[in-house]
Every structure is written in structure tokens, then in C-alpha cells.
Amino acid sequence: MNEILWISLEALIKAIIILSLLLLSAAISVYLERKLSAWIQLRIGPNRVGPFGLLQPIVDVVKLIMKEDIVPNGANKFLHGLAPVISLAVAIMVWAVIPVADPIKIGDHIIQMGISPNADIGILFILAMTSVGVYGIALAGWSSNNKYSLLGGLRSSAQMISYELSMGLAILSIILISGSFSLSDIVNQQFSHWGGFRWNIFIQPLGFLIFLTTAFAETNRAPFDLPEAEQELVSGYNTEYSGMRFGMFFLAEYANMATSSAIITLLYLGGWTLPFAPSAIGLEQGTWILGLVQFVIFAIKIYLLVMFFIWVRWTVPRFRYDQLMRLGWKVLLPLALLNLILTSFGVLFINH
Amino acid sequence: MNIHLIAFIVLGILAIASAIGTIATKHPIYSAMSLIVHFFALSALYLTLQSPFVAVLQILVYAGAIMVLVVFVIMLLNLNEDEKQTIRIQSRNSFGIVLAAIFFIMIVTFIMSNPLNQPNSTNVYNLFTAQSLGSVLFTKDLVAFEIVGILLLSAIVGAIVMAKKKLIN
């Protein structure tokens, strides 16, 4: 019983740390989005609050909290309140299985860097959670009693269901190569060959492209932001939301972006590893300094990808809905199947 | 009290309560939501039985795919108040009662004939990994597996044919 208590306490502390880091990273992403979009459009961007406008996200959050929370007439109050909670909860829950560095040793204790990074089902858990995330948006659209919201919600659900298939097939190819569902194993597999440089992006370039595209679609970001296409649907599924409920959707979007970047990093870009052994720069396996360095490397990789997400949003125009569906079903799905078949042949050939 | 028993009681109550909620609520979307809660409770029960693979498949397939489509259909139909009144057919009701009674007797006899104990969790863990399930599906039960595949394919083709027919008319 005592042991269970300690394990729960450890998990709780890790969860609090990861949650605060995730919220912080969402705030940084919002600032980055505003600043980068301003640069791309030859504007200055936020520069009033704090040095270089760095405190802008905090002011944004305060504004959202102070605003009146409006529930439209004729809306289903219970589901209207529940929908943003589902969206945000799912975005956060994924981090239960994401490792951020190699395990570190303090005394006799081996501390895993992550809440449960050794879970046998890591990548499947992430797939399951993303598929549950559809409810948040779909219910938000339906419960608002507004045609624009409903259309946004339906579009988003259809889009997420269509692109989930290709995403799953791209992940299957990775699982075939690494032979494990665990994210730690997948990262270690990439590190242990070719002197630490056998990142899956080099042996799975097609899979990487497919996964990247579906990640854009799953996070509802441009060029796949049809659920919130302003010109057509006002603001899509979150039209009828205000105050902190809207803030939760907003937060979930940026948390999802960080999560997708983290998954891409873990699956294709070698996770927290650099292409040489940590002892080459004088860091020993299992020390907390190495853990910290690896976490920083992981965070830098994530942020480069987040910046890529933002860059694409402000440069690529939105798809039309039929183009989106054609791309999902007629291009990405066959390509993902082809990639899976080629990978299975490759794995068979190498193993025999 | 050991932690397994506490988890089992809490999750069991949640599972049964949400299952009752599924058939007791009038509003179809609340039914769907309670069914989703039920799937999550079941999945957590599988976790306490040391079968994370089955647990995550439960969420991935049922809560993540099938129920999304059900919710989708409910939203598109957008039932209004008078349509929600269920049509009660007496013969169908009594048939349901007979069926439920038979099912109940089956469950009771099954429970009575077996001693009440939890399965040994170390054995379960090796039974339900992706590897062992895969090797069973592709060796011993290969024929059944392929037949299920063809059945599902024909169901999809059938659905497309029926939907197309509607479009032409």
C-alpha cells in the first residue's frame, strides 16, 4: 500500500510539472504565432506589454478570464460547457506517455523522465486519445445551436476521421521498424544504429511527409483549418464561445500543436538524442545534467517544428473542402498503404 | 482493503451506472455520451487486469471510431421533441423481456457454475499482448479472421450500394 502511495505521489508531481510546462509552452506558442505572423506580413506585432511584448500572452489570458461567459439561448448548457473541457483534457492526457529524456539516476532510484514513458502501448494510447478528441469539437458545434458552429463541428469531425487512417498507417510503418509500441523504445532504436543518426525521417521519408500532413489536419491548422474558415463559417465550432471557455479551445489548439510536434520529434527526428554519444561531450549516462540537456534538445526540436507549423499557416492558402477530402482519401491513404507494404517487405528482407 | 478491489468496485459501479444511463436517458446524445463513459470504465477495468493492449483498443475502436460515427448521425438527424417519443410496440416489448430473461438466466448459471475468483493477472498479461494476439489471429484462427474481413468488406460495399440507390431516386 505504501509503495502505491509513493508511485502515485511521484506521478502526481511529474504531472504537475508537465502540465505547467505545457501551459507555459502554449503561452510561448501564442506569442511566437503573433510575432512570426507579424514578421511574415511586414508588421511589428505585439510590442506594448513588457519588453518586445513578451507579456502579451499573460494579458491575453487575463482578458479571457475577465470576459463574460455567454451561453447562447437554446444551447444545450451541459454539453456546451463540457465540450471545451474534453478538448483540453485530451490534449493534456496525451503527455501521460510522452518521454522527454533518458531515465536519470538519483542515488538508487531510477527516475523516468515522463509520467509513464515505458508504457507498452504508448503510441496506441496517443492514437486513441486523438480519436477521442473529435468529441470536443463535434459536441461544441452541435450544442451551440448555431448553424455555423454545427457546420464547423461536422467538417472537423469528418476531417479528423479521414486523416486519422493515414496517420495510423504511417505510425504502423514506424512500429514495424522498431518492433515496439513504446515511445522510449522507438527513440532508443533510432539512436542505437548508424552512430545515433538512423533517424526514421531518413528511412521513412514518405511516411514522414504523410505524418506531417495528417498532423496539420488533426490539429485543424492551416492549410486544413476548414472547421474555422472565417470567410465561410464566422469562426466555426467556437463561434458561440466566449471568455475562458473560448480560452480553453484556444489553449487546446496550441497544446495540440506542441503535442503533434513532440510526437513527430519522437517518431521521426530522434527524440531527445543528438547524433553522437552523450559521453563525447563529457556527459555521463544517468546524471541529471544529461537529463536536463536532453530535455532542452527535445524542447528545441519541438519549437522548430512549432515555428514550421506557424510558418505554413501564414504562407499557404486554405484548401477547398473537396480538395481536402480528395487529398485525404485518394492521395494520402494509398500512399500510406504503399509505404506500409514497402516497409514490411524491407523489414522481412533485413530480418532474413 | 487492497487497491485492486477498490478499483474494481469503483469502476464496476461506474460501468453499470453508465450502461443503465445509456438505455434510461431519453435524449439520444446523452445515451451516446453514457455509452462512451461505459467504454472508458470497461477500458480501465481491462487495465486493472493487466491488459493495456486490450484496454487501449477498447478506446481506439469503440470510443474513438464507432461512437464518433454514432454521435455524427445523431447530430445530423437533429431530432426534435415529437420525434423523440418512442413508438411502443407491445409484441416487441414482450419479446425483449423474454430475451433479457434468457440472457439473465445464462449469466447466472455461468457465474454459479464457476468459482468466483479473479484471473491470475500474470497469465493474463502474456495472453493479451499485441504479439500473442497477432500470432493467434494469423495461425490458429486465420480462416475465421479472413472470413470476418470479407464480411466487413461486403457490409461496406452493401452500404455504398444502398446509399447510391437513394441518390439516383
# chains A, B, ... in the order shown; residues from 1 in each chain; ligands from 1
>>> closest_atom_pairs(of="chain B", to="chain A", cutoff="7 Å", atoms="only C-alpha atoms", output="Markdown table")
| residue | atom | partner | partner_atom | distance |
| --- | --- | --- | --- | --- |
| B:Pro52 | CA | A:Ile121 | CA | 6.7 |
| B:Phe53 | CA | A:Ile121 | CA | 6.3 |
| B:Val56 | CA | A:Phe125 | CA | 6.0 |
| B:Ile59 | CA | A:Ala128 | CA | 6.0 |
| B:Leu60 | CA | A:Ala128 | CA | 4.3 |
| B:Ala63 | CA | A:Val132 | CA | 6.7 |
| B:Gly64 | CA | A:Ser131 | CA | 4.7 |
| B:Ala65 | CA | A:Ser131 | CA | 7.0 |
| B:Met75 | CA | A:Trp142 | CA | 6.5 |
>>> residues_around(residues="B:Leu47", least_positions_apart="3", cutoff="12 Å", atoms="only C-alpha atoms", output="ChimeraX atom specification")
/A:119-121 /B:4,7-8,11,40-44,50-59,121,124-125,128
>>> select_by_dssp(residues="stretch 214-258 of chain A", states="helix (DSSP H, G or I)", output="PyMOL selection string")
chain A and resi 214-218+226-228+230-233+236-238+243-258
>>> residues_around(residues="A:Leu335", least_positions_apart="5", cutoff="9 Å", atoms="only C-alpha atoms", output="PyMOL selection string")
chain A and resi 166+206-207+210+330+340
>>> residues_around(residues="A:Gly74", least_positions_apart="6", cutoff="12 Å", atoms="only C-alpha atoms", output="tab-separated table (two decimals) with all heavy atoms, in the first residue's frame")
chain	number	residue	atom	x	y	z
A	80	HIS	N	-22.52	22.21	-23.85
A	80	HIS	CA	-21.81	23.43	-24.22
A	80	HIS	C	-20.66	23.69	-23.25
A	80	HIS	O	-19.59	24.15	-23.64
A	80	HIS	CB	-22.79	24.60	-24.22
A	80	HIS	CG	-22.24	25.86	-24.81
A	80	HIS	ND1	-21.72	26.86	-24.04
A	80	HIS	CD2	-22.15	26.27	-26.08
A	80	HIS	CE1	-21.32	27.84	-24.83
A	80	HIS	NE2	-21.57	27.52	-26.07
A	142	TRP	N	-22.33	21.10	-32.12
A	142	TRP	CA	-23.73	20.69	-32.03
A	142	TRP	C	-24.47	21.43	-30.93
A	142	TRP	O	-25.61	21.86	-31.11
A	142	TRP	CB	-23.81	19.18	-31.78
A	142	TRP	CG	-25.21	18.68	-31.74
A	142	TRP	CD1	-26.01	18.42	-32.82
A	142	TRP	CD2	-25.97	18.39	-30.58
A	142	TRP	NE1	-27.22	17.99	-32.39
A	142	TRP	CE2	-27.24	17.97	-31.03
A	142	TRP	CE3	-25.72	18.47	-29.22
A	142	TRP	CZ2	-28.23	17.60	-30.14
A	142	TRP	CZ3	-26.72	18.11	-28.35
A	142	TRP	CH2	-27.96	17.68	-28.80
A	143	SER	N	-23.82	21.59	-29.76
A	143	SER	CA	-24.54	22.11	-28.59
A	143	SER	C	-24.75	23.62	-28.67
A	143	SER	O	-25.54	24.16	-27.93
A	143	SER	CB	-23.78	21.77	-27.32
A	143	SER	OG	-22.56	22.43	-27.32
A	144	SER	N	-24.05	24.32	-29.59
A	144	SER	CA	-24.17	25.77	-29.63
A	144	SER	C	-25.49	26.25	-30.23
A	144	SER	O	-25.82	27.42	-30.11
A	144	SER	CB	-23.03	26.37	-30.43
A	144	SER	OG	-21.82	26.10	-29.81
A	145	ASN	N	-26.21	25.36	-30.91
A	145	ASN	CA	-27.47	25.74	-31.55
A	145	ASN	C	-27.23	26.86	-32.57
A	145	ASN	O	-27.93	27.87	-32.55
A	145	ASN	CB	-28.49	26.17	-30.50
A	145	ASN	CG	-29.87	26.21	-31.09
A	145	ASN	OD1	-30.15	25.51	-32.06
A	145	ASN	ND2	-30.74	27.04	-30.52
A	146	ASN	N	-26.24	26.66	-33.40
A	146	ASN	CA	-25.88	27.68	-34.38
A	146	ASN	C	-25.42	26.94	-35.62
A	146	ASN	O	-24.63	26.01	-35.53
A	146	ASN	CB	-24.75	28.53	-33.79
A	146	ASN	CG	-24.19	29.53	-34.77
A	146	ASN	OD1	-24.10	29.28	-35.97
A	146	ASN	ND2	-23.80	30.67	-34.26
A	240	GLU	N	-19.81	30.42	-30.84
A	240	GLU	CA	-20.68	30.80	-29.73
A	240	GLU	C	-19.97	30.75	-28.38
A	240	GLU	O	-20.61	30.73	-27.34
A	240	GLU	CB	-21.91	29.90	-29.69
A	240	GLU	CG	-22.83	30.03	-30.89
A	240	GLU	CD	-23.59	31.36	-30.88
A	240	GLU	OE1	-23.39	32.15	-29.96
A	240	GLU	OE2	-24.37	31.57	-31.83
>>> residues_around(residues="A:Ala215", least_positions_apart="3", cutoff="12 Å", atoms="only C-alpha atoms", output="JSON, numbers by chain")
{"A": [127, 130, 159, 160, 163, 164, 165, 166, 167, 168, 170, 171, 207, 208, 209, 210, 211, 212, 218, 219, 220, 221, 222, 223, 224, 225, 256, 257, 258, 259, 260, 261, 262, 263, 264, 305, 306, 309]}
>>> write_last_selection(atoms="N, CA, C and O atoms", output="short mmCIF file (atom, residue, chain, number, x, y, z; two decimals), in the first residue's frame")
data_model
loop_
_atom_site.label_atom_id
_atom_site.label_comp_id
_atom_site.auth_asym_id
_atom_site.auth_seq_id
_atom_site.Cartn_x
_atom_site.Cartn_y
_atom_site.Cartn_z
N LEU A 127 -2.83 7.55 -30.28
CA LEU A 127 -3.83 7.43 -31.36
C LEU A 127 -5.23 7.43 -30.77
O LEU A 127 -6.14 8.10 -31.28
N THR A 130 -6.20 10.95 -29.61
CA THR A 130 -6.53 11.88 -30.70
C THR A 130 -7.90 11.56 -31.27
O THR A 130 -8.64 12.46 -31.66
N GLN A 159 -13.05 15.56 -41.14
CA GLN A 159 -11.65 15.72 -41.49
C GLN A 159 -10.75 14.88 -40.59
O GLN A 159 -9.84 14.18 -41.06
N MET A 160 -11.05 14.91 -39.28
CA MET A 160 -10.19 14.17 -38.37
C MET A 160 -10.31 12.67 -38.58
O MET A 160 -9.32 11.94 -38.52
N TYR A 163 -8.34 11.71 -41.82
CA TYR A 163 -6.89 11.78 -41.80
C TYR A 163 -6.27 10.87 -40.75
O TYR A 163 -5.10 10.56 -40.81
N GLU A 164 -7.12 10.43 -39.77
CA GLU A 164 -6.62 9.52 -38.75
C GLU A 164 -6.10 8.22 -39.37
O GLU A 164 -5.13 7.64 -38.90
N LEU A 165 -6.79 7.77 -40.45
CA LEU A 165 -6.42 6.50 -41.08
C LEU A 165 -5.00 6.55 -41.61
O LEU A 165 -4.18 5.68 -41.31
N SER A 166 -4.71 7.61 -42.38
CA SER A 166 -3.36 7.72 -42.95
C SER A 166 -2.33 7.86 -41.85
O SER A 166 -1.24 7.30 -41.93
N MET A 167 -2.71 8.63 -40.80
CA MET A 167 -1.80 8.80 -39.68
C MET A 167 -1.49 7.45 -39.03
O MET A 167 -0.33 7.12 -38.78
N GLY A 168 -2.54 6.66 -38.82
CA GLY A 168 -2.35 5.34 -38.21
C GLY A 168 -1.44 4.46 -39.06
O GLY A 168 -0.57 3.77 -38.53
N ALA A 170 0.86 5.45 -41.21
CA ALA A 170 2.24 5.95 -41.14
C ALA A 170 2.90 5.49 -39.84
O ALA A 170 4.06 5.08 -39.82
N ILE A 171 2.13 5.52 -38.73
CA ILE A 171 2.67 5.08 -37.45
C ILE A 171 2.96 3.58 -37.50
O ILE A 171 3.96 3.11 -36.95
N GLY A 207 6.75 8.28 -45.22
CA GLY A 207 5.95 8.22 -44.01
C GLY A 207 6.00 9.53 -43.25
O GLY A 207 4.99 9.99 -42.71
N PHE A 208 7.16 10.16 -43.22
CA PHE A 208 7.31 11.44 -42.53
C PHE A 208 6.42 12.50 -43.16
O PHE A 208 5.70 13.22 -42.47
N LEU A 209 6.43 12.56 -44.51
CA LEU A 209 5.60 13.56 -45.18
C LEU A 209 4.12 13.31 -44.90
O LEU A 209 3.36 14.25 -44.63
N ILE A 210 3.71 12.04 -44.96
CA ILE A 210 2.31 11.71 -44.69
C ILE A 210 1.94 12.10 -43.27
O ILE A 210 0.92 12.74 -43.02
N PHE A 211 2.82 11.75 -42.32
CA PHE A 211 2.52 12.05 -40.92
C PHE A 211 2.43 13.55 -40.70
O PHE A 211 1.55 14.05 -40.00
N LEU A 212 3.36 14.29 -41.32
CA LEU A 212 3.37 15.75 -41.16
C LEU A 212 2.05 16.34 -41.66
O LEU A 212 1.41 17.16 -40.98
N GLU A 218 -4.97 17.06 -38.27
CA GLU A 218 -5.51 16.67 -36.97
C GLU A 218 -5.57 17.85 -36.00
O GLU A 218 -6.41 17.91 -35.12
N THR A 219 -4.64 18.80 -36.15
CA THR A 219 -4.66 19.94 -35.24
C THR A 219 -5.52 21.07 -35.79
O THR A 219 -5.60 22.13 -35.18
N ASN A 220 -6.18 20.84 -36.92
CA ASN A 220 -7.05 21.85 -37.53
C ASN A 220 -6.30 23.14 -37.82
O ASN A 220 -6.86 24.23 -37.72
N ARG A 221 -5.04 23.01 -38.21
CA ARG A 221 -4.28 24.20 -38.54
C ARG A 221 -4.32 24.44 -40.05
O ARG A 221 -4.55 23.51 -40.82
N ALA A 222 -4.03 25.67 -40.47
CA ALA A 222 -3.93 25.95 -41.89
C ALA A 222 -2.84 25.07 -42.48
O ALA A 222 -1.84 24.81 -41.80
N PRO A 223 -2.92 24.61 -43.72
CA PRO A 223 -3.99 24.84 -44.70
C PRO A 223 -5.22 23.96 -44.54
O PRO A 223 -6.03 23.89 -45.44
N PHE A 224 -5.36 23.29 -43.41
CA PHE A 224 -6.53 22.43 -43.20
C PHE A 224 -7.48 23.03 -42.17
O PHE A 224 -8.13 22.30 -41.45
N ASP A 225 -7.54 24.36 -42.07
CA ASP A 225 -8.35 24.94 -40.99
C ASP A 225 -9.79 25.20 -41.44
O ASP A 225 -10.39 26.19 -41.08
N ASN A 256 -2.17 21.16 -28.60
CA ASN A 256 -2.16 20.11 -29.62
C ASN A 256 -1.00 20.29 -30.58
O ASN A 256 -0.40 19.31 -31.04
N MET A 257 -0.71 21.55 -30.90
CA MET A 257 0.40 21.82 -31.80
C MET A 257 1.71 21.34 -31.17
O MET A 257 2.52 20.67 -31.83
N ALA A 258 1.90 21.67 -29.88
CA ALA A 258 3.11 21.22 -29.19
C ALA A 258 3.14 19.70 -29.13
O ALA A 258 4.19 19.08 -29.33
N THR A 259 1.98 19.07 -28.87
CA THR A 259 1.93 17.62 -28.78
C THR A 259 2.28 16.97 -30.11
O THR A 259 3.09 16.04 -30.15
N SER A 260 1.69 17.48 -31.20
CA SER A 260 2.00 16.90 -32.51
C SER A 260 3.48 17.04 -32.82
O SER A 260 4.10 16.11 -33.33
N SER A 261 4.04 18.22 -32.51
CA SER A 261 5.47 18.41 -32.76
C SER A 261 6.28 17.43 -31.94
O SER A 261 7.26 16.86 -32.44
N ALA A 262 5.87 17.20 -30.69
CA ALA A 262 6.59 16.25 -29.84
C ALA A 262 6.53 14.85 -30.43
O ALA A 262 7.53 14.13 -30.46
N ILE A 263 5.36 14.46 -30.94
CA ILE A 263 5.22 13.11 -31.49
C ILE A 263 6.07 12.97 -32.75
O ILE A 263 6.75 11.96 -32.96
N ILE A 264 6.04 14.01 -33.61
CA ILE A 264 6.86 13.95 -34.82
C ILE A 264 8.33 13.84 -34.43
O ILE A 264 9.08 13.04 -35.02
N LEU A 305 9.69 22.76 -34.89
CA LEU A 305 8.51 22.26 -35.60
C LEU A 305 7.31 23.19 -35.41
O LEU A 305 6.55 23.43 -36.35
N VAL A 306 7.15 23.72 -34.18
CA VAL A 306 6.04 24.64 -33.93
C VAL A 306 6.17 25.86 -34.84
O VAL A 306 5.19 26.32 -35.44
N PHE A 309 5.00 24.96 -38.18
CA PHE A 309 3.53 24.99 -38.21
C PHE A 309 3.05 26.42 -38.46
O PHE A 309 2.17 26.66 -39.28
#
>>> residues_around(residues="A:Thr287", least_positions_apart="6", cutoff="10 Å", atoms="only C-alpha atoms", output="list in words")
Asp102, Pro103, Ile104, Lys105 and Ile106 of chain A
>>> write_last_selection(atoms="N, CA, C and O atoms", output="PDB file, in the first residue's frame")
ATOM      1  N   ASP A 102      16.179  10.524 -21.414  1.00  0.00           N
ATOM      2  CA  ASP A 102      16.534   9.221 -20.858  1.00  0.00           C
ATOM      3  C   ASP A 102      16.273   9.219 -19.359  1.00  0.00           C
ATOM      4  O   ASP A 102      16.318  10.272 -18.716  1.00  0.00           O
ATOM      5  N   PRO A 103      15.997   8.040 -18.780  1.00  0.00           N
ATOM      6  CA  PRO A 103      15.803   7.997 -17.328  1.00  0.00           C
ATOM      7  C   PRO A 103      17.066   8.442 -16.581  1.00  0.00           C
ATOM      8  O   PRO A 103      18.181   8.197 -17.051  1.00  0.00           O
ATOM      9  N   ILE A 104      16.885   9.129 -15.456  1.00  0.00           N
ATOM     10  CA  ILE A 104      18.053   9.568 -14.691  1.00  0.00           C
ATOM     11  C   ILE A 104      18.095   8.817 -13.369  1.00  0.00           C
ATOM     12  O   ILE A 104      17.089   8.261 -12.924  1.00  0.00           O
ATOM     13  N   LYS A 105      19.299   8.776 -12.781  1.00  0.00           N
ATOM     14  CA  LYS A 105      19.519   8.034 -11.543  1.00  0.00           C
ATOM     15  C   LYS A 105      19.824   9.018 -10.433  1.00  0.00           C
ATOM     16  O   LYS A 105      20.725   9.836 -10.552  1.00  0.00           O
ATOM     17  N   ILE A 106      19.041   8.950  -9.341  1.00  0.00           N
ATOM     18  CA  ILE A 106      19.405   9.744  -8.167  1.00  0.00           C
ATOM     19  C   ILE A 106      19.539   8.752  -7.019  1.00  0.00           C
ATOM     20  O   ILE A 106      18.558   8.159  -6.586  1.00  0.00           O
TER      21      ILE A 106
END
